[in-house]
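Everything below concerns the one structure shown next.
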Amino acid sequence: MSQTAADYISINGVFKHFGDFTALNNVSLSVGLGERVVICGPSGSGKSTLIRCINGLEQHEDGIIVVDGISLDHRAKSLEAIRSRVGMVFQQFNLFPHLTVLENLTLGPIRSKNMTPQAARDLAMTYLERVQIPEQALKYPRQLSGGQQQRVAIARSLCMEPKILLFDEPTSALDPEMITEVLDVMIGLADGGMTMVCVTHEMGFARRVADKMVFMDRGEIVEMAAPDVFFKAPKTDRCRTFLKQILQH
Amino acid sequence: MKKLFALSILLFLLTGCSSEWGWYVVNPANKSGLINLKFLFSGYYYTLLLSFTSIFISVTVGLLVALPGLSKNPWLRNCNRVYVEVVRSVPILVLILWVYYGLPPITGLEINVFWAGVIALALSDSAFQAEIFRAGIQSIDKGQYEASHTISLNYRDTMRFVILPQAIRRILPALGNQLVYMLKMSSLVSVIGMQELTRKANELVVTEYRPLEIYSVLVVEYLVLILVVSAGVRWLERRLKTDENI
């Protein structure tokens with residue numbers, strides 16, 4: 001695949017093993033600024049591992065990952081530089097349970113961006129309004145519903161003002177009635193021009209926002225296409241079978 | 001309050017049950033009994049000072065020892081293991097004697113009874129504290145570290161603001177246990193002459209020849225102390241429990 005200067009993230013020939021298990025097998029992918037990429041595939045196909053490699057939560061083996069011109073080499077400096085540009089939203093939210101919503105949001109800006117507490121609070125309130133839960137600011141995470149918690153987690157990432165957001169199955173741990181509220185927030189972000197890489201099985205969302213669909217299986221990118229092509233005419237059997245299974249309902 | 005009431009009844013019953021008892025020796029109603037009682041109670045000062053100083057140091061040292069035990073570096077982990085295993089296997093009484101009689105000639109420092117006691121108690125307890133902290137920190141979900149990474153917190157801030165506040169809430173019952181244990185073990189420092197509760201009782205026994213009554217008072221002294229401290233720890237646990245999921 002072609003690599004251009006406009007690629008904000010470029011992943012080239014990346015491998016990753018967990019013991020004997022090959023999680024990533026020669027994966028290459030590029031994401032431009034403002035682009036929305038949705039990655040799907042059966043469980044264990046390496047989707048999460050791939051996006052966790054982008055911000056160094058997993059250490060890739062062979063291959064090169066470059067984010068905004070910075071090569072990810074797992075030294076503290078490059079990790080720090082890349083993580084300040086890349087936000088992440090987790091399946092399990094990973095909010096800090098001992099801190100209020102507001103404290104969850106302001107911790108990063110205060111400690112790692114040296115913002116004053118007041119400026120950080122103002123920023124946090126702006127993003128809490130963006131995810132439509134400013135009234136929950138003083139509650140603890142456990143007092144919120146799953147959907148609200150995930151929206152707080154999104155706001156926490158946004159408070160770091162990242163250039164790109166990674167979503168690792170953000171709705172998979174939610175009750176069905178709460179999925180929409182989180183997807184609505186994500187659609188809002190996409191419409192606002194945020195660069196996003198989403199691992200998700202929400203194909204309605206994918207159709208709506210994706211610029212590029214990626215299908216992974218057994219640690220490889222099997223198919224990559226624009227959504228209209230991807231959903232209408234999948235090229236491989238594996239992708240066709242997968243889509244059939246998840247679009248059944 | 002109820003407990004204290006029950007205790008006073010128990011004492012009253014004990015008083016009446018045998019002609020062997022001679023409570024005059026600690027009876028506040030007569031002058032010498034009051035003096036003796038005050039003498040015994042004055043031991044609280046050093047028991048408390050010694051125990052709290054030691055627990056403060058041992059918690060600090062324990063945390064500093066626990067952190068390398070969680071490192072990816074095998075050398076740091078080994079340092080932690082060696083410290084814990086060595087310190088844990090020396091009996092406290094032996095450590096007290098060794099610190100008091102052995103450390104001054106080795107280091108050339110003069111160590112008084114109080115600091116010898118503090119060093120021995122803190123050293124001994126720090127190995128247990130290290131294990132408690134390690135278990136507490138290890139019980140925190142990996143996702144908490146990952147979330148901290150993604151908001152660019154460094155190691156120190158991750159520990160200080162995310163991991164330790166949660167870990168400490170979880171290990172609070174164990175820390176309370178250690179505090180109670182420390183209060184009791186401080187009695188051993190009496191052997192090198194520390195004027196704490198046990199030593200005071202021993203000295204009074206030597207002059208008054210009434211071990212039964214005096215040691216009974218000593219038992220009650222420790223009992224009251226520990227009950228009060230336990231209640232304090234439970235209060236603290238309730239106060240810090242802002243989140244039941246922690």
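Residue numbers start at 1 in each chain; chains themselves are named A, B, ... in the order of the structure tokens; ligands are numbered from 1 in the order shown.
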**Prompt:** What residues in chain B lie within 10 Å of chain A, counting only C-alpha atoms, written as a count of residues only?
**Reply:** 29
All residues 9 Å or closer to A:Val31, only C-alpha atoms, same chain fewer than 5 positions away omitted, as an mmCIF file with N, CA and C atoms, in the first residue's frame:
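Result went into selection_20.cif, see below:
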```cif
data_model
loop_
_atom_site.group_PDB
_atom_site.id
_atom_site.type_symbol
_atom_site.label_atom_id
_atom_site.label_comp_id
_atom_site.auth_asym_id
_atom_site.auth_seq_id
_atom_site.Cartn_x
_atom_site.Cartn_y
_atom_site.Cartn_z
ATOM 1 N N ALA A 6 1.087 12.489 3.895
ATOM 2 C CA ALA A 6 -0.127 12.879 4.607
ATOM 3 C C ALA A 6 -0.531 11.849 5.659
ATOM 4 N N ASP A 7 0.118 10.689 5.656
ATOM 5 C CA ASP A 7 -0.250 9.665 6.627
ATOM 6 C C ASP A 7 0.166 10.089 8.023
ATOM 7 N N TYR A 8 -0.818 10.189 8.899
ATOM 8 C CA TYR A 8 -0.504 10.590 10.267
ATOM 9 C C TYR A 8 0.055 9.398 11.035
ATOM 10 N N ILE A 9 -0.593 8.253 10.826
ATOM 11 C CA ILE A 9 -0.065 7.027 11.419
ATOM 12 C C ILE A 9 0.348 6.115 10.288
ATOM 13 N N SER A 10 1.543 5.602 10.345
ATOM 14 C CA SER A 10 1.842 4.555 9.367
ATOM 15 C C SER A 10 2.438 3.346 10.068
ATOM 16 N N ILE A 11 1.795 2.228 9.799
ATOM 17 C CA ILE A 11 2.200 0.953 10.391
ATOM 18 C C ILE A 11 2.715 0.109 9.253
ATOM 19 N N ARG A 36 -11.326 8.355 9.285
ATOM 20 C CA ARG A 36 -11.968 7.445 10.228
ATOM 21 C C ARG A 36 -11.823 6.018 9.734
ATOM 22 N N VAL A 37 -11.157 5.223 10.526
ATOM 23 C CA VAL A 37 -10.929 3.839 10.142
ATOM 24 C C VAL A 37 -11.677 2.937 11.117
ATOM 25 N N THR A 195 -9.798 12.481 14.034
ATOM 26 C CA THR A 195 -9.226 11.280 13.440
ATOM 27 C C THR A 195 -9.511 10.113 14.382
ATOM 28 N N MET A 196 -10.075 9.034 13.866
ATOM 29 C CA MET A 196 -10.474 7.933 14.737
ATOM 30 C C MET A 196 -10.089 6.589 14.150
ATOM 31 N N VAL A 197 -9.605 5.709 15.019
ATOM 32 C CA VAL A 197 -9.439 4.312 14.644
ATOM 33 C C VAL A 197 -10.283 3.509 15.624
#
```
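Across the model, the gap from atom CA of A:His201 to atom CA of A:Cys40 is 6.1 Å.
The space between atom CA of B:Ser42 and atom CA of B:Ile57 spans 23.9 Å.
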**Within 12 Å of stretch 41-46 of chain A using only C-alpha atoms, minus same-chain residues under 2 positions, as a ChimeraX atom specification** = /A:14-18,21-27,38-39,48-53,58,168-169,172,198-203,213-224,238-246
**Prompt:** For A:Gly193, which residue out of A:Glu35, A:Asn114, A:Gly19, A:Thr236 is the nearest one, using only C-alpha atoms?
**Reply:**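 Looking only at the distances to A:Gly193, the closest residue turns out to be A:Glu35.
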**Message:** So that I can check the surroundings of B:Ala122, please list as a PyMOL selection string every protein, DNA and RNA residue that reaches within 9 Å of it, counting only C-alpha atoms and ignoring chain neighbours fewer than 6 positions away.
**Reply:** chain B and resi 51+53-59+61+182
**Message:** I'd like to know which of A:Gly34, A:Pro227, A:Gly188, A:Gly13 is closest to A:Arg207, using only C-alpha atoms.
**Reply:** A:Pro227
**Computed interatomic separation between atom CA of A:Asp73 and atom CA of A:Gln59 (Å)** = 8.8 Å
**Request:** Just the residues within 7 Å of A:Asn12, please, counting only C-alpha atoms, with nothing from its chain fewer than 3 positions along; format it as a ChimeraX atom specification.
**Result:** /A:27-29,63-65
Selection above as a file: N, CA and C atoms, as a compact mmCIF listing (two decimals), in the first residue's frame:
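That gives us selection_6.txt:
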```
# COMPACT_ATOMS: atom_id res chain seq x y z
N VAL A 27 1.48 -6.82 9.53
CA VAL A 27 0.36 -5.90 9.32
C VAL A 27 0.86 -4.52 8.90
N SER A 28 0.25 -3.99 7.85
CA SER A 28 0.56 -2.62 7.44
C SER A 28 -0.74 -1.85 7.27
N LEU A 29 -0.73 -0.61 7.76
CA LEU A 29 -1.95 0.20 7.70
C LEU A 29 -1.54 1.65 7.83
N GLY A 63 8.95 -4.59 12.38
CA GLY A 63 8.11 -3.61 11.72
C GLY A 63 8.26 -2.23 12.31
N ILE A 64 7.64 -1.27 11.62
CA ILE A 64 7.81 0.12 12.01
C ILE A 64 6.44 0.76 12.23
N ILE A 65 6.33 1.49 13.33
CA ILE A 65 5.13 2.30 13.55
C ILE A 65 5.58 3.74 13.71
```
**Asked** Given the choices B:Ser190, B:Asn177, B:Asn27, B:Ser230, which gets closest to B:Phe128 if the distance is worked out from only C-alpha atoms?
**Response**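 Closest to B:Phe128, using only C-alpha atoms: B:Asn177.
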**Request:** From a DSSP calculation on the backbone, collect every residue of stretch 100-245 of chain B in helix (DSSP H, G or I) and output the set as an MDAnalysis selection string.
**Result:** chainID B and resid 100:107 113:138 142:150 155:192 197:208 211:240
**Request:** Excluding stretch 84-101 of chain B and any residue of its chain fewer than 2 positions from it, enumerate the residues within 7 Å of it, using only C-alpha atoms, and give them as a list in words.
**Result:** Asn80, Arg81, Val82, Leu103, Pro104, Ile111, Ala116, Gly117, Ala120, Leu121, Ser124, Ala127, Leu188 and Val189 of chain B
**Item:** Residues flagged strand (DSSP E) by DSSP in stretch 91-240 of chain A, as an NGL selection string
**Value:** :A and (164-168 or 195-199 or 212-217 or 220-225)
